[in-house]
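Colleague: What follows is a structure written as structure tokens; I'll ask about it next.
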Amino acid sequence: MPAQRLDGKACANAVETELHERIEVLTNAGVQPHLAVIIVGDDPASHVYVNSKIETCARLGIRSTHIALPAHCEEKVVRQHILNLNAQDDLHGILVQSPLPNHMDEEALTDLISPTKDVDGFHPQNLGRLVQGRTDGLLPCTPSAVMRLLKWAGVDLKGKRAVVLGRSRIVGMPAALLLAAKGADATVTVVHSRTKDIANVCREADVLVAAVGQTELVKPAWVKPGAVVVDVGINRVDDDARERGWRLAGDVHPSVADTAGWLTPVPGGVGPMTIAMLMENTVFAAESSHPKR
Ligand code: GUN
């Protein structure tokens with residue numbers, strides 16, 4: 001039997017319905033949630049992602065500020081924008097789209113964002129809270145999206161073997177922490193480029209999260225029959241057979257659908273849910289900034 005589709009769009013719709021109510025309560029109390037997105041340079045994929053974030057804000061009634069800077073701009077310009085946004089009382093979330101041009105220090109800029117406005121959850125204070133097992137704050141959006149999809153599919157993680165492919169600061173490591181956190185209670189292995197015998201380690205997983213950015217790396221032989229497979233990869237592949245000359249592919253080969261029990265599609269899986277989690281973080285930041293309302 002082919003894997004059930006772990007549908008990110010449907011799950012994101014359910015999150016948006018919940019958010020509508022919270023946004024209405026805030027707006028009626030005179031606090032319209034407000035997100036600022038800074039993008040530097042011309043990377044077409046990054047512009048597509050940022051435009052999706054801005055469009056989702058508009059659909060939900062979240063105000064957005066879109067700051068687009070040229071690739072050659074100096075780091076101090078981005079720095080000054082962040083400081084201005086930190087000081088703006090009617091603004092609740094700040095996101096600096098990654099990747100930044102090579103001449104910029106991405107971590108130093110992330111550190112500058114006020115932790116209470118860090119809707120990406122990348123600030124050391126927010127990541128530090130997660131390491132401490134405090135999962136009630138601003139959490140990174142993609143790992144949160146993975147957890148919410150698993151919940152939506154009714155996957156009970158308690159005592160299950162979870163394998164996370166990839167150890168990035170943005171996805172792999174925080175996803176591993178969330179899967180192992182109290183309440184989720186999975187037993188987690190993080191697999192990376194130096195891991196020996198990756199296929200066999202992956203095949204032990206009841207839940208496999210692929211976040212390495214390598215096109216269709218995970219093959220059916222890597223997957224335990226019936227496992228839940230979450231594909232975080234969004235890789236652009238040249239494809240002359242398509243009108244536009246390219247297609248999007250995940251880190252998981254589509255034929256894994258014949259082995260897995262659940263599988264997220266690419267596109268339409270983790271991507272829409274990541275944006276939904278960004279919206280949720282923005283609403284949370286707005287609520288936290290006005291706790292008396
Ligand atoms: N680029 C790709 N994913 C992300 C993300 O989650 N946040 C930011 N800021 N940039 C990204």
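Ordering of the structure tokens sets the chain letters (A, B, ...); residue numbers start at 1 within each chain; ligands are numbered from 1 in the order shown.
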How would you write, as a list in words, the set of residues no farther than 8 Å from ligand 1 when counting only C-alpha atoms and all ligand atoms?
Modeller: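 Listing the residues within 8 Å of ligand 1 gives Ser46, Tyr49, Leu95, Val96, Gln97, Ser98, Pro99, Asp120, Pro140, Cys141, Thr142, Ile170 and Thr274 of chain A.
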Colleague: Excluding same-chain residues fewer than 4 positions from Lys9 of chain A, what lies within 9 Å of it counting only C-alpha atoms, as a PyMOL selection string?
Modeller: chain A and resi 13-14+268-273
Colleague: Which residues come within 10 Å of Val15 of chain A, counting only C-alpha atoms, excluding same-chain residues fewer than 5 positions away, as JSON, numbers by chain?
Modeller: {"A": [9, 10, 20, 148, 273, 276, 277, 279, 280]}
Colleague: Check segment 48-164 of chain A with DSSP on the backbone and list each residue it calls strand (DSSP E), as a ChimeraX atom specification.
Modeller: /A:63-69,93-96,161-164
Colleague: Out of A:Ser193, A:Pro2, A:Gly8, A:Arg129, which residue has the shortest atom-to-atom distance to Pro265 of chain A when counting only C-alpha atoms?
Modeller: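 Looking at the shortest contact to Pro265 of chain A, the residue is A:Gly8.
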Colleague: With only C-alpha atoms as the basis for distance, which of A:Lys158, A:Arg169, A:Ser144, A:Gly183 is at the shortest distance from Leu127 of chain A?
Modeller: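 Answer, going by the shortest atom-to-atom distance: A:Arg169.
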Colleague: How many Å separate atom CA of Arg167 of chain A from atom CA of Glu16 of chain A?
Modeller: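 Distance between the two atoms: 29.3 Å.
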Colleague: Have a look at atom CA of Asp90 of chain A and atom CA of Ala285 of chain A and let me know their distance in Å, one decimal.
Modeller: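 Distance reported for this atom pair: 11.3 Å.
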Colleague: For Arg5 of chain A, which of A:Ala45, A:Leu165, A:Ala153, A:Ala186 is the closest residue, counting only C-alpha atoms?
Modeller: A:Ala153
Colleague: Show me, as a ChimeraX atom specification, the residues that have an atom within 10 Å of Thr27 of chain A when counting only C-alpha atoms, minus same-chain residues fewer than 5 positions from it.
Modeller: /A:21-22,32-33,61-62
Colleague: Please indicate the distance in Å from atom CA of Asn102 of chain A to atom CA of Leu85 of chain A, rounded to one decimal place.
Modeller: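 So the two atoms, atom CA of Asn102 of chain A and atom CA of Leu85 of chain A, lie 23.2 Å apart.
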Colleague: At a cut-off of 8 Å, using only C-alpha atoms, what residues contact segment 212-215 of chain A? Leave out same-chain residues fewer than 5 positions from it and give the result as number ranges by chain.
Modeller: A: 165-166, 233-235, 237, 249-253
Colleague: Find the spatial neighbours of Glu107 of chain A, counting only C-alpha atoms, within a cut-off of 10 Å - ignore same-chain residues fewer than 4 positions away - and output them as a VMD selection string.
Modeller: chain A and resid 111 to 112 122 to 124
